Number of protein chains: 2
Amino acid sequence: MSDPIPAILDRIDDDQPRALDRLMELLRIPSISTDPDHADDCDTAADWLVAELTHLGFRATKRDTPGHPMVVAHGGEGDRHVLFYGHYDVQPVDPLSEWNRKPFDPAIESTQRGKVIRARGASDDKGQLMTFLEACRAWKAETGKLPLRITVLFEGEEESGSPSLVPFLCANREELSAEIALICDTGLYDDKVPAIVTSLRGLLAEEVTITGPDRDLHSGMYGGPAMNPARVLTRILGGLHDDAGRVQVPGFYDGVGEPPAEVAEGWTALGFSTEAFLGEVGLSHAAGERGRSGLEMLWSRPTAEINGLTSGYTGRGFKTVLPSTARAKVSFRLVGGQDPDRLRAAFRDWVIAQMPPDCHVTFDGHGGAAASAMSTGDPVFSLVRRALSEEWGREAAFVGGAGSIPIAGYFQQELGMESVLTGFARDDDQIHSPNEKYDVESFRKGIRSWARILGALA
Amino acid sequence: MSDPIPAILDRIDDDQPRALDRLMELLRIPSISTDPDHADDCDTAADWLVAELTHLGFRATKRDTPGHPMVVAHGGEGDRHVLFYGHYDVQPVDPLSEWNRKPFDPAIESTQRGKVIRARGASDDKGQLMTFLEACRAWKAETGKLPLRITVLFEGEEESGSPSLVPFLCANREELSAEIALICDTGLYDDKVPAIVTSLRGLLAEEVTITGPDRDLHSGMYGGPAMNPARVLTRILGGLHDDAGRVQVPGFYDGVGEPPAEVAEGWTALGFSTEAFLGEVGLSHAAGERGRSGLEMLWSRPTAEINGLTSGYTGRGFKTVLPSTARAKVSFRLVGGQDPDRLRAAFRDWVIAQMPPDCHVTFDGHGGAAASAMSTGDPVFSLVRRALSEEWGREAAFVGGAGSIPIAGYFQQELGMESVLTGFARDDDQIHSPNEKYDVESFRKGIRSWARILGALA
């Protein structure tokens, strides 16, 4: 039979308006997984995806977990069996005041760099997962069926540490095991060059709460002899890095190695401009470990970051209070063989060792996941790379991932399955920030890319 | 004529229920001066006081300022002329969740230690200023007039730095100048021993805002090369004190001296227990400068405190954001000759000098006032001390004040007028904290104390 790809690609372009409408529907569901108030919305998003998948001919089901539900669907036939993964949950939206429109009232906006879809989740990850569903839709419409055997797994807890994921994989090993996983939660190398992520940083998150006096105190009445937890917290966090930007938690760098020579050379060949990268967000100096390049700081070096601070009076005006409590959210990006469990314990010990008399510290552990590296030797990587290169007219790059997509590691550990991570987000998509967007062109060429990849793998 | 005091004291006791009702009325007005949303409430409180004073025969007026209004009233006759000062504004109430009842829905509650008036402002300063008005009421009811010439000044910005006060004093120097000022905004030395405050710490408050990236960033996408303002803020504030608890801002201790020998001896004689003082708020160790006693930390040593911290994501769950901004509210208690203006500049220079590339800092200056010391040689101090001692049956103590009541310093500087600071608050009144209260006994004996003081000064 003749190559169906050209007709499928035309169909995708013709169907754009309706594909965008479908994405808008999904974006209107405020599925913030970290906020218990939005649990029902996560459930609604799962139902919406089950309906879509069913409409595409998949055998789709919503599966309960102790947290938000999973969506699992099976479709197509053939020797080759792939698993596609995406997540339907999104990040919180605050500070709401910095949004130019309601985060869950999506719209197409014209910008100097082209049309964008503006909404929380437009890029991370609803827009991206829909590129795959739309590619499946085009294949089905044009050829009457999916080109290969496909299992779809959509998660609703990716933005809150995926607590239910590993247990779910273990409980459904057989059903979810495929030849390879396709994960669409990453970005282009730049606006023109597609990328396949071949290594990912891990993540460890901790919430630290230090308490001192049993109530907020008047700093005039008690200031001096009374312990101030905010002072203790800043003292400890202020010592998290040394002057060279190295993290001071004992044993933090155990298991941190250098990338393979050929990978490091590939990175150099990309001609990455740290200045341009930082310039897009109003920065100019690489603030990471002294002596490391910008790409190393992003792809092969671990970090420790303060994600949130709160203590005492934070309203308008001034209140001379000695706070009874000080709280921080701290997270670590992990690389190589860094062990999240061991580091969590090491961080807690390091904090506890610095507690003065009258201060008590408690920890609230959030998601922890080790870094992962893909076996790029697998022939599927070459097939996907070629398909991407054909769509974009540029050789797809093998890159490191600065973000954490622990799912790839879980697939390796629990299902012995490699993952191909490719996606179409751009650096300026402002994911996790106000005014998140996804380029309409990312969406269109993303769909076309998946259509080609499915054809190449079939 | 016979001594009217016994009859006046009986009358005060008989009138207690009505006096409490009047205080409740004032406490129901949420006059939070630091919050612009409560500007009208401050105005309402001023009107209420003007009406009360007028009812007591004072010539009372509400006087506009660029901020909240002043209340000025004149009454009585005689050679001796005193000015009474109090403030009708109150502190914010957050965290509201820690209040056992609505902060502005006052009530009498029975506790193990006796009956208390529970409400924001019950002790600081509405309950205290009303002790003076009720004493005036009893004198008038019993003798038909006030025993001496009295000018009353009530302020509505004491809890937010008194920005309008000095200009108002300068503009009304003649009208407000008296032989001596009586200020009721302090506490008993303990439940049984009344106190006159003979020295007060000053206050300097600064809000520090550090900005880095032009928006909140994804810590996975930018973590490493991107500057994190929360990291910079904690680094700087973490270095505010050395290991001995000394403040590290250059020149901070300029003008800090030791208290006069006789004063220091008086303090020692009080047999102050730092452990007991801290024990009441769940603490046990004096956290101030190493080698200083608890009373020194409170009365004769300066401090630097973090009153508020906020940055990034502070809601439930976790958000791996690199915040674009980090903010802190920092205040200093000043002693001796420390110059607030010079220290404000020194603090800002110290912070600015620690700014890394890509970080910008802005400062929002709040109230600054030098410390003040009273000339206890003035005979009025002996008269007030004797009147207090008679009411309480214990010799009134000359003590240092840990809090900041800059008004005493302003009276000295602007009007050349000494101040006698006495009041009836207790250490456990939880002023500036949730569940503020004022003992009914403080209120009753406070009124009786003022009645005796007015008689002694007449």
# chains A, B, ... in the order shown; residues from 1 in each chain; ligands from 1

call {"tool": "select_by_dssp", "arguments": {"residues": "stretch 147-390 of chain A", "states": "alpha helix (DSSP H)", "output": "NGL selection string"}}
result
:A and (165-171 or 173-176 or 219-222 or 229-237 or 261-269 or 274-279 or 294-299 or 340-352 or 379-390)

call {"tool": "residues_around", "arguments": {"residues": "stretch 299-315 of chain B", "least_positions_apart": "5", "cutoff": "7 Å", "atoms": "only C-alpha atoms", "output": "PyMOL selection string"}}
result
(chain A and resi 223-224+230-231+307-314+319-323) or (chain B and resi 230+247+259+321-323+325-335+400-402)

call {"tool": "residues_around", "arguments": {"residues": "B:Glu134", "least_positions_apart": "5", "cutoff": "10 Å", "atoms": "only C-alpha atoms", "output": "VMD selection string"}}
result
chain B and resid 12 15 to 16 19 to 20 22 to 23 56 129 139 to 140 443 to 444 446 to 448 450 to 451

call {"tool": "select_by_dssp", "arguments": {"residues": "stretch 370-423 of chain A", "states": "strand (DSSP E)", "output": "number ranges by chain"}}
result
A: 372-373, 397-401, 419-422

call {"tool": "atom_distance", "arguments": {"atom1": "atom CA of A:Val90", "atom2": "atom CA of A:Glu159"}}
result
6.2 Å

call {"tool": "atom_distance", "arguments": {"atom1": "atom CA of B:Ala286", "atom2": "atom CA of B:Thr186"}}
result
22.4 Å

call {"tool": "closest_residue", "arguments": {"among": "A:Val50, A:Cys136, A:Ala371, A:Leu153", "to": "A:Val72", "atoms": "only C-alpha atoms"}}
result
A:Leu153

call {"tool": "closest_residue", "arguments": {"among": "A:Ala138, A:Ala456, A:Ala51, A:Leu204", "to": "A:Asp14", "atoms": "only C-alpha atoms"}}
result
A:Ala138

call {"tool": "residues_around", "arguments": {"residues": "A:Gly57", "least_positions_apart": "4", "cutoff": "12 Å", "atoms": "only C-alpha atoms", "output": "VMD selection string"}}
result
chain A and resid 50 to 53 73 to 77 133 136 to 137 139 to 141 144 to 146 150 to 151

call {"tool": "write_last_selection", "arguments": {"atoms": "N, CA and C atoms", "output": "PDB file, in the first residue's frame"}}
result
ATOM      1  N   VAL A  50     -10.734   9.583  29.138  1.00  0.00           N
ATOM      2  CA  VAL A  50     -11.308   8.260  28.864  1.00  0.00           C
ATOM      3  C   VAL A  50     -12.295   8.366  27.699  1.00  0.00           C
ATOM      4  N   ALA A  51     -13.129   9.409  27.722  1.00  0.00           N
ATOM      5  CA  ALA A  51     -14.119   9.594  26.652  1.00  0.00           C
ATOM      6  C   ALA A  51     -13.422   9.819  25.301  1.00  0.00           C
ATOM      7  N   GLU A  52     -12.392  10.664  25.308  1.00  0.00           N
ATOM      8  CA  GLU A  52     -11.657  10.942  24.063  1.00  0.00           C
ATOM      9  C   GLU A  52     -11.036   9.656  23.507  1.00  0.00           C
ATOM     10  N   LEU A  53     -10.351   8.925  24.382  1.00  0.00           N
ATOM     11  CA  LEU A  53      -9.673   7.698  23.944  1.00  0.00           C
ATOM     12  C   LEU A  53     -10.685   6.676  23.410  1.00  0.00           C
ATOM     13  N   ALA A  73      -5.408   2.952  28.471  1.00  0.00           N
ATOM     14  CA  ALA A  73      -6.156   2.616  27.251  1.00  0.00           C
ATOM     15  C   ALA A  73      -5.300   1.736  26.347  1.00  0.00           C
ATOM     16  N   HIS A  74      -5.969   0.855  25.625  1.00  0.00           N
ATOM     17  CA  HIS A  74      -5.288  -0.047  24.692  1.00  0.00           C
ATOM     18  C   HIS A  74      -5.929   0.065  23.324  1.00  0.00           C
ATOM     19  N   GLY A  75      -5.078   0.065  22.287  1.00  0.00           N
ATOM     20  CA  GLY A  75      -5.623   0.140  20.944  1.00  0.00           C
ATOM     21  C   GLY A  75      -4.609  -0.337  19.920  1.00  0.00           C
ATOM     22  N   GLY A  76      -5.079  -0.605  18.722  1.00  0.00           N
ATOM     23  CA  GLY A  76      -4.206  -1.011  17.636  1.00  0.00           C
ATOM     24  C   GLY A  76      -3.719  -2.448  17.752  1.00  0.00           C
ATOM     25  N   GLU A  77      -3.031  -2.890  16.710  1.00  0.00           N
ATOM     26  CA  GLU A  77      -2.506  -4.262  16.674  1.00  0.00           C
ATOM     27  C   GLU A  77      -1.140  -4.255  16.028  1.00  0.00           C
ATOM     28  N   LEU A 133      -2.607  12.217  20.908  1.00  0.00           N
ATOM     29  CA  LEU A 133      -3.981  11.749  20.621  1.00  0.00           C
ATOM     30  C   LEU A 133      -4.439  12.215  19.242  1.00  0.00           C
ATOM     31  N   CYS A 136      -2.965  10.032  16.609  1.00  0.00           N
ATOM     32  CA  CYS A 136      -3.715   8.772  16.531  1.00  0.00           C
ATOM     33  C   CYS A 136      -5.019   8.985  15.751  1.00  0.00           C
ATOM     34  N   ARG A 137      -5.681  10.134  16.039  1.00  0.00           N
ATOM     35  CA  ARG A 137      -6.940  10.435  15.371  1.00  0.00           C
ATOM     36  C   ARG A 137      -6.745  10.502  13.849  1.00  0.00           C
ATOM     37  N   TRP A 139      -4.324   9.140  12.006  1.00  0.00           N
ATOM     38  CA  TRP A 139      -4.052   7.800  11.460  1.00  0.00           C
ATOM     39  C   TRP A 139      -5.343   7.020  11.290  1.00  0.00           C
ATOM     40  N   LYS A 140      -6.183   7.064  12.345  1.00  0.00           N
ATOM     41  CA  LYS A 140      -7.429   6.276  12.316  1.00  0.00           C
ATOM     42  C   LYS A 140      -8.341   6.784  11.191  1.00  0.00           C
ATOM     43  N   ALA A 141      -8.423   8.103  11.096  1.00  0.00           N
ATOM     44  CA  ALA A 141      -9.332   8.690  10.089  1.00  0.00           C
ATOM     45  C   ALA A 141      -8.868   8.351   8.674  1.00  0.00           C
ATOM     46  N   GLY A 144      -8.164   4.066   8.880  1.00  0.00           N
ATOM     47  CA  GLY A 144      -9.164   3.225   9.533  1.00  0.00           C
ATOM     48  C   GLY A 144      -8.665   2.530  10.771  1.00  0.00           C
ATOM     49  N   LYS A 145      -7.355   2.662  11.063  1.00  0.00           N
ATOM     50  CA  LYS A 145      -6.857   1.993  12.279  1.00  0.00           C
ATOM     51  C   LYS A 145      -5.562   2.639  12.730  1.00  0.00           C
ATOM     52  N   LEU A 146      -5.155   2.245  13.932  1.00  0.00           N
ATOM     53  CA  LEU A 146      -3.846   2.687  14.433  1.00  0.00           C
ATOM     54  C   LEU A 146      -2.774   1.845  13.756  1.00  0.00           C
ATOM     55  N   ILE A 150      -0.783   0.139  20.653  1.00  0.00           N
ATOM     56  CA  ILE A 150      -0.491   1.274  21.527  1.00  0.00           C
ATOM     57  C   ILE A 150      -1.224   1.135  22.860  1.00  0.00           C
ATOM     58  N   THR A 151      -0.468   1.273  23.939  1.00  0.00           N
ATOM     59  CA  THR A 151      -1.083   1.403  25.262  1.00  0.00           C
ATOM     60  C   THR A 151      -0.833   2.835  25.726  1.00  0.00           C
TER      61      THR A 151
END

call {"tool": "atom_distance", "arguments": {"atom1": "atom CA of A:Ala226", "atom2": "atom CA of B:Pro434"}}
result
17.6 Å

call {"tool": "residues_around", "arguments": {"residues": "A:Val361", "least_positions_apart": "4", "cutoff": "10 Å", "atoms": "only C-alpha atoms", "output": "ChimeraX atom specification"}}
result
/A:208-212,229,233,325-327,348,351-352,355

call {"tool": "residues_around", "arguments": {"residues": "stretch 109-111 of chain A", "least_positions_apart": "2", "cutoff": "12 Å", "atoms": "only C-alpha atoms", "output": "list in words"}}
result
Asn100, Arg101, Pro106, Ala107, Arg113, Gly114, Lys115, Val116, Ile117, Arg118, Ala119, Asn435, Glu436, Lys437, Tyr438, Asp439, Val440 and Glu441 of chain A

call {"tool": "write_last_selection", "arguments": {"atoms": "N, CA and C atoms", "output": "JSON list (two decimals), in the first residue's frame"}}
result
[["chain", "number", "residue", "atom", "x", "y", "z"],
["A", 100, "ASN", "N", -2.28, 37.39, 32.90],
["A", 100, "ASN", "CA", -2.97, 38.38, 32.07],
["A", 100, "ASN", "C", -4.38, 37.93, 31.73],
["A", 101, "ARG", "N", -4.69, 36.64, 31.98],
["A", 101, "ARG", "CA", -6.07, 36.18, 31.81],
["A", 101, "ARG", "C", -6.26, 35.03, 32.81],
["A", 106, "PRO", "N", -8.73, 29.29, 28.63],
["A", 106, "PRO", "CA", -7.73, 29.30, 27.57],
["A", 106, "PRO", "C", -8.16, 30.14, 26.37],
["A", 107, "ALA", "N", -7.18, 30.66, 25.65],
["A", 107, "ALA", "CA", -7.47, 31.42, 24.43],
["A", 107, "ALA", "C", -6.25, 31.38, 23.51],
["A", 113, "ARG", "N", 5.88, 36.46, 18.15],
["A", 113, "ARG", "CA", 6.53, 35.23, 17.68],
["A", 113, "ARG", "C", 5.51, 34.21, 17.20],
["A", 114, "GLY", "N", 4.28, 34.67, 16.94],
["A", 114, "GLY", "CA", 3.28, 33.76, 16.41],
["A", 114, "GLY", "C", 2.15, 33.51, 17.39],
["A", 115, "LYS", "N", 1.21, 32.67, 16.96],
["A", 115, "LYS", "CA", 0.05, 32.39, 17.81],
["A", 115, "LYS", "C", 0.40, 31.41, 18.92],
["A", 116, "VAL", "N", -0.18, 31.67, 20.10],
["A", 116, "VAL", "CA", 0.05, 30.77, 21.24],
["A", 116, "VAL", "C", -1.28, 30.43, 21.89],
["A", 117, "ILE", "N", -1.28, 29.27, 22.56],
["A", 117, "ILE", "CA", -2.43, 28.86, 23.37],
["A", 117, "ILE", "C", -2.08, 29.22, 24.80],
["A", 118, "ARG", "N", -2.84, 30.17, 25.39],
["A", 118, "ARG", "CA", -2.51, 30.67, 26.74],
["A", 118, "ARG", "C", -3.39, 30.01, 27.78],
["A", 119, "ALA", "N", -2.80, 29.28, 28.71],
["A", 119, "ALA", "CA", -3.55, 28.66, 29.82],
["A", 119, "ALA", "C", -2.58, 27.84, 30.67],
["A", 435, "ASN", "N", 0.95, 32.90, 33.16],
["A", 435, "ASN", "CA", 0.88, 33.09, 31.71],
["A", 435, "ASN", "C", 1.54, 31.97, 30.91],
["A", 436, "GLU", "N", 1.43, 30.73, 31.40],
["A", 436, "GLU", "CA", 1.92, 29.58, 30.63],
["A", 436, "GLU", "C", 1.28, 29.59, 29.24],
["A", 437, "LYS", "N", 2.06, 29.18, 28.24],
["A", 437, "LYS", "CA", 1.51, 29.11, 26.87],
["A", 437, "LYS", "C", 2.15, 27.94, 26.13],
["A", 438, "TYR", "N", 1.55, 27.59, 25.01],
["A", 438, "TYR", "CA", 2.08, 26.57, 24.10],
["A", 438, "TYR", "C", 1.90, 27.13, 22.70],
["A", 439, "ASP", "N", 2.97, 27.12, 21.91],
["A", 439, "ASP", "CA", 2.83, 27.68, 20.57],
["A", 439, "ASP", "C", 1.88, 26.82, 19.72],
["A", 440, "VAL", "N", 1.02, 27.47, 18.97],
["A", 440, "VAL", "CA", 0.14, 26.74, 18.06],
["A", 440, "VAL", "C", 1.00, 25.91, 17.10],
["A", 441, "GLU", "N", 2.15, 26.45, 16.74],
["A", 441, "GLU", "CA", 3.05, 25.73, 15.83],
["A", 441, "GLU", "C", 3.65, 24.50, 16.52]]

call {"tool": "decode", "arguments": {"residues": "stretch 251-276 of chain B", "atoms": "N, CA, C and O atoms", "output": "short mmCIF file (atom, residue, chain, number, x, y, z; two decimals), in the first residue's frame"}}
result
data_model
loop_
_atom_site.label_atom_id
_atom_site.label_comp_id
_atom_site.auth_asym_id
_atom_site.auth_seq_id
_atom_site.Cartn_x
_atom_site.Cartn_y
_atom_site.Cartn_z
N GLY B 251 28.99 49.24 62.51
CA GLY B 251 28.64 50.41 63.31
C GLY B 251 27.36 50.25 64.11
O GLY B 251 26.90 51.20 64.75
N PHE B 252 26.80 49.03 64.13
CA PHE B 252 25.51 48.82 64.81
C PHE B 252 25.58 49.21 66.29
O PHE B 252 24.63 49.77 66.84
N TYR B 253 26.73 48.93 66.92
CA TYR B 253 26.80 49.16 68.38
C TYR B 253 27.30 50.56 68.75
O TYR B 253 27.48 50.85 69.93
N ASP B 254 27.49 51.42 67.74
CA ASP B 254 27.89 52.80 68.07
C ASP B 254 26.81 53.45 68.93
O ASP B 254 25.63 53.42 68.57
N GLY B 255 27.22 54.01 70.06
CA GLY B 255 26.26 54.71 70.92
C GLY B 255 25.57 53.81 71.93
O GLY B 255 24.74 54.27 72.71
N VAL B 256 25.93 52.52 71.90
CA VAL B 256 25.35 51.59 72.88
C VAL B 256 26.21 51.60 74.14
O VAL B 256 27.39 51.28 74.07
N GLY B 257 25.65 52.00 75.27
CA GLY B 257 26.42 52.04 76.52
C GLY B 257 25.84 51.09 77.55
O GLY B 257 24.92 50.32 77.26
N GLU B 258 26.38 51.14 78.73
CA GLU B 258 25.87 50.33 79.84
C GLU B 258 24.94 51.20 80.69
O GLU B 258 25.12 52.42 80.77
N PRO B 259 23.92 50.60 81.33
CA PRO B 259 23.03 51.39 82.19
C PRO B 259 23.79 51.91 83.41
O PRO B 259 24.79 51.31 83.81
N PRO B 260 23.36 53.06 84.00
CA PRO B 260 24.00 53.59 85.20
C PRO B 260 24.06 52.53 86.29
O PRO B 260 23.16 51.69 86.40
N ALA B 261 25.10 52.58 87.10
CA ALA B 261 25.30 51.56 88.14
C ALA B 261 24.05 51.39 89.00
O ALA B 261 23.56 50.28 89.20
N GLU B 262 23.47 52.53 89.49
CA GLU B 262 22.33 52.40 90.44
C GLU B 262 21.14 51.75 89.76
O GLU B 262 20.41 50.95 90.35
N VAL B 263 20.96 52.07 88.44
CA VAL B 263 19.86 51.43 87.69
C VAL B 263 20.11 49.93 87.58
O VAL B 263 19.25 49.10 87.87
N ALA B 264 21.33 49.58 87.19
CA ALA B 264 21.69 48.17 87.04
C ALA B 264 21.47 47.44 88.37
O ALA B 264 20.95 46.32 88.40
N GLU B 265 21.83 48.10 89.47
CA GLU B 265 21.65 47.46 90.79
C GLU B 265 20.15 47.27 91.08
O GLU B 265 19.73 46.23 91.60
N GLY B 266 19.35 48.30 90.71
CA GLY B 266 17.91 48.17 90.91
C GLY B 266 17.36 46.97 90.16
O GLY B 266 16.53 46.22 90.68
N TRP B 267 17.86 46.77 88.95
CA TRP B 267 17.41 45.63 88.15
C TRP B 267 17.76 44.32 88.84
O TRP B 267 16.93 43.42 88.93
N THR B 268 19.01 44.26 89.33
CA THR B 268 19.44 43.03 89.99
C THR B 268 18.53 42.73 91.17
O THR B 268 18.12 41.59 91.40
N ALA B 269 18.16 43.82 91.89
CA ALA B 269 17.34 43.65 93.10
C ALA B 269 15.97 43.06 92.77
O ALA B 269 15.30 42.47 93.63
N LEU B 270 15.54 43.21 91.52
CA LEU B 270 14.22 42.70 91.15
C LEU B 270 14.18 41.17 91.13
O LEU B 270 13.12 40.56 91.13
N GLY B 271 15.36 40.56 91.09
CA GLY B 271 15.41 39.09 91.08
C GLY B 271 14.67 38.48 89.90
O GLY B 271 13.96 37.49 90.01
N PHE B 272 14.84 39.11 88.73
CA PHE B 272 14.16 38.65 87.51
C PHE B 272 14.60 37.24 87.13
O PHE B 272 15.79 36.93 87.13
N SER B 273 13.63 36.38 86.83
CA SER B 273 13.95 35.02 86.39
C SER B 273 13.73 34.89 84.88
O SER B 273 12.59 34.84 84.41
N THR B 274 14.82 34.85 84.14
CA THR B 274 14.71 34.71 82.67
C THR B 274 14.00 33.40 82.32
O THR B 274 13.17 33.36 81.41
N GLU B 275 14.31 32.36 83.09
CA GLU B 275 13.71 31.04 82.81
C GLU B 275 12.19 31.12 82.95
O GLU B 275 11.44 30.63 82.10
N ALA B 276 11.74 31.77 84.04
CA ALA B 276 10.28 31.86 84.25
C ALA B 276 9.65 32.72 83.15
O ALA B 276 8.60 32.38 82.59
#
